[in-house]
Structures are given as structure tokens and as C-alpha cells.
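Written below as C-alpha cells is the structure these notes are about.
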There are 6 protein chains.
Amino acid sequence: MTGVVVRNVRRADPAIVDAFAEHGVATIHEAQGRAGALAAYMRPIFPGAHVAGSAVTVSVPPADNWMIHVAVEQCRAGDVLVVAPTSPSEAGYLGELLATALRAHGVRGAVIDAGCRDVAELTQMGFPVWSRCVSPFGTVKETLGSVNVPVVCAGQTVDPGDIVVGDDDGVVVVPRERAVEVLEACRVREEREARSRARYAAGELSLDVHDMREALTRKGLRYVD
Amino acid sequence: MTGVVVRNVRRADPAIVDAFAEHGVATIHEAQGRAGALAAYMRPIFPGAHVAGSAVTVSVPPADNWMIHVAVEQCRAGDVLVVAPTSPSEAGYLGELLATALRAHGVRGAVIDAGCRDVAELTQMGFPVWSRCVSPFGTVKETLGSVNVPVVCAGQTVDPGDIVVGDDDGVVVVPRERAVEVLEACRVREEREARSRARYAAGELSLDVHDMREALTRKGLRYVD
Amino acid sequence: MTGVVVRNVRRADPAIVDAFAEHGVATIHEAQGRAGALAAYMRPIFPGAHVAGSAVTVSVPPADNWMIHVAVEQCRAGDVLVVAPTSPSEAGYLGELLATALRAHGVRGAVIDAGCRDVAELTQMGFPVWSRCVSPFGTVKETLGSVNVPVVCAGQTVDPGDIVVGDDDGVVVVPRERAVEVLEACRVREEREARSRARYAAGELSLDVHDMREALTRKGLRYVD
Amino acid sequence: MTGVVVRNVRRADPAIVDAFAEHGVATIHEAQGRAGALAAYMRPIFPGAHVAGSAVTVSVPPADNWMIHVAVEQCRAGDVLVVAPTSPSEAGYLGELLATALRAHGVRGAVIDAGCRDVAELTQMGFPVWSRCVSPFGTVKETLGSVNVPVVCAGQTVDPGDIVVGDDDGVVVVPRERAVEVLEACRVREEREARSRARYAAGELSLDVHDMREALTRKGLRYVD
Amino acid sequence: MTGVVVRNVRRADPAIVDAFAEHGVATIHEAQGRAGALAAYMRPIFPGAHVAGSAVTVSVPPADNWMIHVAVEQCRAGDVLVVAPTSPSEAGYLGELLATALRAHGVRGAVIDAGCRDVAELTQMGFPVWSRCVSPFGTVKETLGSVNVPVVCAGQTVDPGDIVVGDDDGVVVVPRERAVEVLEACRVREEREARSRARYAAGELSLDVHDMREALTRKGLRYVD
Amino acid sequence: MTGVVVRNVRRADPAIVDAFAEHGVATIHEAQGRAGALAAYMRPIFPGAHVAGSAVTVSVPPADNWMIHVAVEQCRAGDVLVVAPTSPSEAGYLGELLATALRAHGVRGAVIDAGCRDVAELTQMGFPVWSRCVSPFGTVKETLGSVNVPVVCAGQTVDPGDIVVGDDDGVVVVPRERAVEVLEACRVREEREARSRARYAAGELSLDVHDMREALTRKGLRYVD
């Protein structure tokens, strides 16, 4: 199943995709039922980025980034690149040159379950990357992988066209067909949280705001002096 | 010993606690005899924070943050929350909502031997957290833990009411009863270091400032060309 | 071979050393044939630093920084300190006092395969350090090591007088005798990359810029819809 | 999608499943095109085990093994249990009691992307487990998960009914619908390897057996003395 | 508080200590309320060991095992040595020579939150050690630590005279004053487990043996085909 | 410097090499002045192996084992293969087929700073390997590396012809030109240790055997009750 580039991937409605950028990764993870978060080792290369996009997936051999070059052609405005090596690698799969190419095709950022490099230049460009590590180790261009096939990235299955959201907390993936439902759940959740936040800021206790005291007592909580 | 909330914890004199914020974590660690530093994996979620507070300790089950809600009620101005799971966890125990509640009760920051989330919002609020990782994974509210019992956090025992100090180097804990003595040792140490610093900045060698040459020769140090 | 300080180390021409600071660590690593990069766990304590210097090497016992004090005397303007413990250690070998001494002797930064501390002060001073971890754990001054002997630091052999370059991607080492050749290879590489960058920014594909399509087809790449 | 138990899972022909136990994990991984191997941190609790079975998948909350109890009822002779927590956990999800129950239902072993305990008893029973760690930390029975839904375990997607093979090298997963084809590829591969093995044992070089010398020369390999 | 050797430590009744060796580490951890287990990285150097003893604690500087020599004199028949470095270390603190000395004083094994060496010889002697790693790196004898003071070892506080139990699952610590109560809880637990084991082995489901079905339904568990 | 095979490597006198197998890795590490031990993560794939050999070094690209095939031709009876990837890799570089070829040329074992596979077969063959991990991930044969050039393996420089010794404690490297001197130091050390062992086994304390009490008192050691 290697050596395949799938060209016409279904993407979610751009308005839906964009709307996800208004919600944090932790909120989205909760809103879709505590699912879809990538492993905690996936960290942004600079603080403050927050993007949502449609996944273009790339399955790559260890220390070989040839397929990312192939993937650029398949990218459109609003996409996010998701790169998963077939065996663990700390190589720096993506640097400033490839990021220039990706940006020219409208890509908003990249998620790489391996290394990333040229971090200073990427920061200056404002091109966000979430990766397992930063590493100057380079890659070759010798072996095929695939573009736009399902991949497992940092512990989560990502299908091409899934919505991928990254912020300072990490990365979450939302299956395309669940996007509308999850987005609505985010809104409901944030409205509820806004109400809680106001009451907490005023000094009210969550124990009272959410009526937790009785349940705590039933479980056996004791107060001592 | 689970399911207990201890209400009236002895805290150190607030002036003493506050005075610790004038000293770095590395200095305090030295001043109390190279003791009390939490493991090096405890990192601040943003650079530049430096707080000292009185520990409110929370022993939590894995991936369950119910007891942090219970702990808020026990917090006072000047406290720092110290959260220790009973088995290793990467869940995000604390986010911006709980931080809002903690801040409303005067809490200065949190130390969590597990994950933290809503890092962008916490940074904007200026609410510092030192944690093992950043992670969007959420928690449940189903199982009891305890508040204000002794905990082991990142390799150190923390008693409620101990002084906890965090800065860019990590976190150090000072037992309440040793606070005055350690604070004085910090001052002595910093005065001595100030004198060394001035001489070093002027180009003097520590070999001469501290008379190390003879000891080095006695140990057998040889200079070759 | 312990307990030796080598005094008169050959250094590369200062103009050559300085010229390396115009090239990124990833570029230099490529230009010398994918060699010389330190392990990816070596991270800068603050973003944005980029220095090149001549290596003064220090072989240190675990948790003992006495030899760094000895090394200061051997440092000159334009040097970078490279510290390698003889067994793994997370101790904080270098803080703001030693950095003050090093800077007074013209040292540009430090590379430590162990811990570093006083990170806030070092950041304020603008004294860059690349280290395995940040840690408040201190060190003693009891056992000899050596200065300006070959060391293995984060997986690479570093000889005294080698050129050491650090930036946000990590650290790379260039043997002194290869400096001119590698520097020239960096320039060639960056000129070629500048041409690619312009074409990528204009939306051209690397598949076309570098004529990759035929090779990909030969390897068996298939496009499907 | 939590709180679901899927009862009638399609399994591969038992003869096919059993035939996989004659091939090593590394061979199967190659034979299906370098795919399906779980992360290298999945290690057997004792050496020498080699089993193949039909996957019964269990998605579990962190530190909660209630769903494994639910899963036992869904197991049949020839199955292998695959347990994946929804957030990282080092809890000991499975011990000797549960293994007794699983064995009574014909289960051949377990694959757990978390901790395992009662290792001495499991070794005595000869019940093999591949896990991320061994840990005495226990679990609770409070929160639902799911049985026989697709899970991501140690970096690989596992569907219920997939063939799971474990040996001293680790664990590999073969999708049910590819089983016959992969099995045939294993056989072809092992026959070819048997021929190579005989020639290697007789002292022939793989350079000659597989005609590599010309390709190496073309790539530029040089021999020096 | 460094440089102290406490001589007359209270130990538990030897019959009580010995009785703990009949219970597994996982059982004891449960029986004392899910507490006292050391971190999962503490592994035995050979399989099959199972010992219980009275803790002689040793607080050691990094890479310095002088205090273990001091500790031998404080050991009695039935003790277990617990070694905790004051900052993280991978040095090999204990080898076959020290083990010979410890055994001559009746020590049953060692628990070291650092490295161990001479593993082949220790295995032949049948002297069990639980450690963070195996490592040939040696130690010096230059700096004081303490013997029989409270230490934090692999995340747990150990007081001298506590009961320490190690088996293939890891290590657990029982405070001396809770020993009788925890031992009784172990017995109750094992009797209950023996009854469950017999029913499980006969094919009964834990869902029925422990009446879990109603609780699962109440939580919302659904069965689908 | 890639793509080079050095053919006529100087090896130490076979009698010297063989004599090293009578000494443990920890002893040799001490005897050559606490130097030459590989990182503690290098573990044997089965217990009980103890070999010494002359290093044939192989510098390999990530996840590419072509050069090991090239190296076989350069091996002679009494050699040990030392494999170091140019960037970190968990691929399984060596399995049972290559081991068959190596053994046919007299190779005694392998040291790999990456993964190894076919562990069950290698154990049955009694072909020892020390590696960073066990992993079913395979490798390709596409890119050149070098044979018999200096490499950095698990933190140590290894030159071709150096003596490499592995046992249950790990791996140590002795430079060829220091072999005689280190061997003699091992013998002296073991004789001294034999005397200590006899006295320790008889219950004497190292405090007395080595007259440590005065030094301890001078450092300030206090005994309390």
C-alpha cells in the first residue's frame, strides 16, 4: 500500500474548518467525547499559534522526506500537513524551504510525529509546526511513502480530510463526518464554561456551582481539623 | 487515608513566605543543604514566573481532578497548589477555569506532577504552573483523594504549609519549620555571591578568588602545553 | 588521563569561526556531509540565540563542576565552553556566577551534556546555553577532570579548537581542519537554497524545480483519485 | 462512542490464524510491506512466548480495567486481548485473576499499551502479555469504555478480528481481510531466507549471494587500505 | 541534615516482616489502600526474587557510594537496603563486593533508585536488587550522606524500619506502624481472590461473580451486534 | 567521509583480546580509569553472555543496514561488530540471517546503538547482541555508510581494532594501544578485590578493611541513637 498518492480528497466545508480555530484543543477533545488528542509529546515549535485545517496526510519512511515534496502538489488553501513515519525517527523532516513551498500553496501548518528543523526561520515566518522533537538531522529522498492515506500519528488515526487543530496544548483530530456535531458541542461547552467562569471569578466555589457536595459526602469525604 | 480534607493547616508567617520570592530556586536549594528540589522534569508553562507560596497539597487519583475542586475552598491568599497523583498520569489536571477559581481565592500558582492544559489562557492570565507535561487529555470527577495531607510530588515530600518556590529553574520545597533558618542562609549566600560576581565580572578567576589552586595541585592537577 | 589541563590549544582563524555564525546548524550539518550534530535532546535555554565559537572542552565527573572553574583561565574571546560528564548527570553544572566569569573572558556560550541553572538570569544576560536539562540541583568541587582533552558530548566527539555552532535547532561541531571546506560548502548550499526558495515562494513545485517526477515514477509512484 | 460492546465480531478462519504462529513478528512485518508493528516499547513479560490470535479490542479509561471484565464474556478460544487506554497510563490493568478468567475462555495472551502485574504468577501460568511496563499500580472499576471497537494501540490501529501476533521481538497486527495474502508472503519470504541462510552458514557473502557489489560501486563505495 | 548515621532504628517484629514475603507486591499495594508502590522504572535484576525486609535507608550523593559502606555496619539479619541519591544518577552504586558484605550481615536484598552493577555475579549469588538501571559506571568515596534518615526513593517516602517488599512486579513500602493491619488486609484479600480464582477457572464471569451487570447498565453500557 | 571501507585494520594480539573475556565490564571500566563504558541503555538481548573481541565498526544511515552486509567481508575470527547510526533510529538493524553470516566469519557478537530483531532465534544460536532496543522494524539497503572508520556508539568513540567487551552489565571499549596496560590493571584490581571479598564474606566491615573511619570522622560524620 506504499507508493500511492490519492488526489481528490473530500474536505469539510471551509467555514466549518475555520470555525474550529475559535476553540482550544482541550475543549475540542472534551467536546468529541475525550477523543482525538495526539500524544502529549507533540509540542509547538513556538508559543501562541492556533490553527485549524483540513488534513493532508503523508506516510513517510524513516529519515526520508521525499513524499512531503510530493504532497505539496496535493495541498490547497486551508490545509494542514500531517506527517507520520513508518518507524520511529528523530530526523528533521521539515525545514524553512519546504515550509515556503507549503505556504505558497495555502498550507496553515504542519504536524510531524518526528523531528522538525530551521525553527528560528519557521518562527520568523509564523509557520507553526507541532512535532515530537527539534533536530538538525536531515533526511534523504530515496524511498516512496504515500500521500492522503490513513496514518497513525502520535497515537491517533488521521484520515485525509479530517480536521486538525493545534494550539499551545497540543493537537486534536476531528473526523470529517463528525465535524458539525463536534463544533456544536464545543459551542455548548464554551457557553456553559463562560457561565462557570464568571461565577468562579466572583469567588463562588465549583462545589456549590455544580452541586458536588452531596456526591462527595456519599463517596465518604470527611473534613477534619 | 483517602477521602480526607484537613481544614486548618498551619502556614508560615506571610512575610517569611513572601521573602522567599526574592531568592531563586537554585539558591534556596543550596541554602537548605542541597535538598528540596523537585525532579528536573517539572517545567514552567511560560518563562519568567517566580512565585513563593504556602503549600495546599492535593493527593489525586489518576486522571481525576475532583479533589482540586474540593481544595479551592481550603485555599487562602498566598497559597500555592501542589498536586500529586497516586499513580503516574499525563492527564491535564488543571485548566483555565480552575485557575480562575484558584486565583479568586488568592492562589499564586500550581505545581502538578502530571499534565496541565489551557496553556495559552493561563499564560495570558499570568497564572504560573509547573508541570510534568502539557496535555489536552481531560480528567473525570469520580474518585476521592485527599487535601492537605503529606504528598510525594516529583520525588520530594511536601507537607501542607511548607513553602513552595518556583522559577525558571524548577521548584523547591522548604519545610515550614526550617523557613526562617533557610531564608537567612539564602541571604548570606547571596551576599557572598554578590562579592564573587563583582570580582568575576572584573576578570578575576575563581581559582584565585576562592584559593583553589593549592587544593587542585594536591589532588594532582597537571598543566601541559 | 584525568587531571590534565592542556593550555595552548590551536584555534581556527577567528574570521573563519565568526563566519559560521551566519549559517544555521542544520545547514552546517548538511554541508559537512550529515555529520557533527549533537543529540536532539540538547536544547537552548532561550529562543533566538545563534553563536559560533572555538571549543574549550571540559571533561567533568558527575555532579562536580570544579573543572569549569579551572577552564575559565584557559578561555579567550570567541570561545564556546563544551562540558561533558563522564557518567550521565542531571546536575546544574553552570549558573549565572560562572557565566559572569566566562563572559569576562570573552566566552560566547556553553554546551553542556547535563543540567544548567539560573536560567532566568542567563536569559537576562543573553548568555546562551544548550543543555540536556534545566535543573536546580547543584554540584560539588571535589574531584578532578580535564580541560582541553577530546570529549564525547551528546553523541559527538569534540576536540579542543573545533568550531561549535548553536542555534534554535541544536548544536553542531565542525573539526578545525575541515572548517574552511565546510564553510565553503555552506555558502554553496545557501546560494542554491536561495534560488529554490524564490521559486517555491512563487508557487513552483520542488517536483518540477528539481526534476523529481521521473525518478518517482521509476520507483513506482502511482496517482489515484 | 464510549460504552459500547460489539458482540458478533468477524474472525478469520482459525486455521489461518494458527498458521501465523509459525512466523516471527519481524517476518510478518516485512511480509505485509513493513507495516503493522507496534511500538518498540511493547515488551513480553517473559521470554520465549509466541502466539497468534484474533483480536478482541478493549478501549479503557486511564487506570480503570472494568471493561476488561466486560470483555471476557466476548472472548472465544483462539482470541488475543488488545487493551488501549484513552490517555497514557502506567497502571497495571491485568493480573493473574483476570488472566485465569481469560484463559478459561480460551484467550491465548494479551497486548496492553499500559502496565501489567502479577508477572511471576503469569509466567508460571505461561500466560503471555506484551505491555508498555510492569507496574504494581492497580485500577478501579468506575468508568465505561468499549469492547470490540477500533483502537489505536502503541501506534497502530487494531480492528476487532484482526490477527495479532506476539513473540520476543514485539507485536504485529495483520488486518483480517489481508490475512491470506500476508500469510502467503510470509511463506515465500521464509523459503527465500532458508536458501540464503544455508549459503551464509557456508561462508558465502550476501554481497555475492544477492549481487550487491555493482550497486554499491555505482553509489560510490570505495575500498581503502 | 547530612552526615548522620542513626544507629538504633526500631524494626517491626521479624515474624511480621517475614509474613509479608508470602504476599505479592501488587496485593500489598492494594491492601494498604493503593499506596506505597515505587515507580514502575524500578525493576529486579533477575526474575523470580521475592523478599521482604526491614528498611535500612541510605541517602547518597550522586555517584558516591561511601555511605553504603557505612550502612553495612548498621544492618542486621532480615534487613533490606534502600538507597536514594540526592540528585538523579545512573551510576552503579552496588556490585558483588558490597553485596558480599551485606549478605554477611544478613541483608536480604537492595532497592536502589540509581544504577547497579555486577549483575551476573549478583544473579549467581541470588542477591536480589531492584534498581532504576544496570550500569557499569562506578562511584567514588568522597562525600558524606546519611544512614537511617527518611528518604524519598522512586517517588515514595521510606522511613528506616519500614517494611520493604520486592518481587517481579516491583517494590512496595509499608510503614512499620501499619504493618499488622496491612498484613491482615492482605490475608483477607487473598482469601477473597482465591474464591474468585476458583470460579473464574471454572468459566464463570466476573460480571456474574461480582454482580457488575446492573451497575454497568446504569452507567449506560450498550450491547450491539 | 561516507562510502569508505577500510580493509586492513590493526587488531590487538588475539591472546590479549581473549584475556579480556575473563574480566567483567565494570572491572575493566574501573581499571582503565573510569572510562570507556557505553551508555546504560545498551542492554544484552539475553542474560549470561560475556564476550571480548576486536571492533569492526560500521557507520550506518538511519534504518538502512546495507553496510552491515558490506562489513561481513571485513570480519575475522575474534571480531565484534559495532554499529552506530548517523541519526537516532529504533530500526532492527540485525537479525538471525545476518548473525548467521557473521558467525560463519568468526564474529563473536554485536553492539548496536539502535534496534535488533529475531531475538528468539539469536538466543537459540547463542549469538549475543547489546542494543538500545528490540524492535521488529526493518531496514532498507539504499544508502552508503562506512566500515572501519571511527564511530561514536552510545556515547563513546570506538576505533576499528579497539577491544570491545560485553556482559550483563553492558559494554566497555578499550583502545587497542592501551590493552596490555588495562589488562594488567584488571588483574591487580581483581586480586585486591579477592582479598576484600574473603574478609567481607567473613563479616569484616569495609570501614575497617580499608581504614575509612578516620576519613569519615574528619568529614564530619556523626553517629546518633
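By order in the C-alpha cells, chains are A, B, ...; within a chain, residues start at 1; ligands start at 1, following the order shown.
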
May I ask you to extract the residues of chain B within 10 Å of chain A, using only C-alpha atoms, and to give them as number ranges by chain? B: 2-9, 45-46, 66-73, 90-92, 95-106, 115-121, 123, 133-139, 141-147

Take the residues that were just selected and, keeping C-alpha atoms, output them as a compact mmCIF listing (two decimals), in the first residue's frame.
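As a result, out_24.txt now contains:
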# COMPACT_ATOMS: atom_id res chain seq x y z
CA THR B 2 -8.03 8.69 51.29
CA GLY B 3 -11.09 10.93 51.30
CA VAL B 4 -9.81 13.34 53.93
CA VAL B 5 -9.77 17.14 53.81
CA VAL B 6 -7.67 18.77 56.51
CA ARG B 7 -9.02 22.27 57.10
CA ASN B 8 -6.84 24.23 59.45
CA VAL B 9 -3.33 23.95 58.19
CA ILE B 45 4.45 26.58 31.27
CA PHE B 46 5.80 30.07 30.46
CA TRP B 66 -12.33 16.21 41.60
CA MET B 67 -10.19 16.91 44.66
CA ILE B 68 -8.78 20.09 43.13
CA HIS B 69 -12.34 21.44 43.14
CA VAL B 70 -12.54 20.43 46.80
CA ALA B 71 -9.18 22.06 47.51
CA VAL B 72 -10.19 25.52 46.22
CA GLU B 73 -12.31 26.06 49.34
CA GLU B 90 -0.25 12.57 31.88
CA ALA B 91 -3.81 13.86 32.13
CA GLY B 92 -4.36 17.64 32.11
CA GLY B 95 -7.01 24.40 33.04
CA GLU B 96 -8.11 27.99 32.84
CA LEU B 97 -11.46 27.53 34.61
CA LEU B 98 -9.94 26.01 37.72
CA ALA B 99 -7.17 28.63 37.61
CA THR B 100 -9.83 31.34 37.60
CA ALA B 101 -11.34 29.81 40.72
CA LEU B 102 -7.96 29.41 42.41
CA ARG B 103 -6.95 32.98 41.62
CA ALA B 104 -10.24 34.28 43.03
CA HIS B 105 -9.15 32.68 46.32
CA GLY B 106 -5.70 34.24 46.19
CA GLY B 115 -0.30 17.34 32.94
CA CYS B 116 -1.70 20.85 32.63
CA ARG B 117 -3.85 22.36 29.86
CA ASP B 118 -5.22 25.68 28.51
CA VAL B 119 -1.63 26.86 28.46
CA ALA B 120 -2.34 29.84 26.18
CA GLU B 121 -5.08 31.14 28.50
CA THR B 123 -0.15 32.45 30.06
CA CYS B 133 3.83 17.83 30.75
CA VAL B 134 1.29 19.86 28.81
CA SER B 135 -1.57 17.71 27.60
CA PRO B 136 -5.13 18.19 26.32
CA PHE B 137 -6.22 14.91 27.95
CA GLY B 138 -9.04 15.64 30.39
CA THR B 139 -9.99 14.23 33.75
CA LYS B 141 -14.73 13.61 38.80
CA GLU B 142 -15.46 10.18 40.21
CA THR B 143 -13.00 9.11 42.87
CA LEU B 144 -11.92 10.70 46.14
CA GLY B 145 -8.40 11.74 47.04
CA SER B 146 -7.30 13.96 49.90
CA VAL B 147 -6.50 17.61 50.59

Just list as an MDAnalysis selection string whatever in range 102-171 of chain E DSSP marks as strand (DSSP E). chainID E and resid 110:116 129:134 146:147 151:153 156:158 163:167 170:171

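CA of Asp79 in chain C to CA of Asn65 in chain C spans 18.5 Å [interatomic distance, one decimal].
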
DSSP-assigned alpha helix (DSSP H) members of range 125-188 of chain A, reported as a list in words: Met125, Ala179, Val180, Glu181, Val182, Leu183, Glu184, Ala185, Cys186, Arg187 and Val188 of chain A

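The residue set within 10 Å of Arg178 in chain B, counting only C-alpha atoms and dropping same-chain residues fewer than 2 places from it, reads Ala12, Gln32, Asp162, Ile163, Val174, Pro175, Arg176, Val180, Glu181, Val182 and Leu183 of chain B.
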
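Taking CA of Val165 in chain F and CA of Arg76 in chain F as endpoints, the distance between them is 16.5 Å.
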
Write out as a PDB file with N, CA and C atoms, in the first residue's frame each polymer residue whose atoms come within 9 Å of Gly78 in chain D, counting only C-alpha atoms; drop sequence neighbours fewer than 5 positions from it.
ATOM      1  N   PRO D  14      -9.862 -20.027  11.719  1.00  0.00           N
ATOM      2  CA  PRO D  14      -8.902 -20.431  12.762  1.00  0.00           C
ATOM      3  C   PRO D  14      -7.626 -21.042  12.195  1.00  0.00           C
ATOM      4  N   VAL D  17      -5.409 -18.177  11.292  1.00  0.00           N
ATOM      5  CA  VAL D  17      -4.864 -17.526  12.490  1.00  0.00           C
ATOM      6  C   VAL D  17      -3.718 -18.368  13.060  1.00  0.00           C
ATOM      7  N   ASP D  18      -3.975 -19.667  13.219  1.00  0.00           N
ATOM      8  CA  ASP D  18      -2.960 -20.535  13.820  1.00  0.00           C
ATOM      9  C   ASP D  18      -1.685 -20.576  12.979  1.00  0.00           C
ATOM     10  N   ALA D  52      -0.375 -16.391  18.177  1.00  0.00           N
ATOM     11  CA  ALA D  52      -1.180 -15.654  17.212  1.00  0.00           C
ATOM     12  C   ALA D  52      -2.631 -15.817  17.615  1.00  0.00           C
ATOM     13  N   GLY D  53      -3.423 -14.763  17.468  1.00  0.00           N
ATOM     14  CA  GLY D  53      -4.823 -14.864  17.834  1.00  0.00           C
ATOM     15  C   GLY D  53      -5.652 -13.809  17.146  1.00  0.00           C
ATOM     16  N   SER D  54      -6.935 -13.903  17.361  1.00  0.00           N
ATOM     17  CA  SER D  54      -7.897 -12.974  16.782  1.00  0.00           C
ATOM     18  C   SER D  54      -8.150 -11.872  17.815  1.00  0.00           C
ATOM     19  N   GLY D 106     -10.446 -19.395  26.741  1.00  0.00           N
ATOM     20  CA  GLY D 106      -9.656 -19.759  25.560  1.00  0.00           C
ATOM     21  C   GLY D 106      -8.722 -18.684  25.028  1.00  0.00           C
ATOM     22  N   VAL D 107      -8.571 -17.597  25.776  1.00  0.00           N
ATOM     23  CA  VAL D 107      -7.723 -16.497  25.302  1.00  0.00           C
ATOM     24  C   VAL D 107      -6.251 -16.898  25.414  1.00  0.00           C
ATOM     25  N   ARG D 108      -5.460 -16.563  24.384  1.00  0.00           N
ATOM     26  CA  ARG D 108      -4.067 -17.016  24.298  1.00  0.00           C
ATOM     27  C   ARG D 108      -3.040 -16.051  24.874  1.00  0.00           C
TER      28      ARG D 108
END

Between CA of Asp64 in chain D and CA of Glu214 in chain A - distance in Å to one decimal: 23.8 Å

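Residues in contact with Ala31 in chain A at up to 9 Å, not including ones fewer than 6 positions away on its chain and judged by only C-alpha atoms, are A:Val182, A:Leu183, A:Glu184, A:Ala185, A:Cys186, A:Arg187, A:Val188, A:Arg189.
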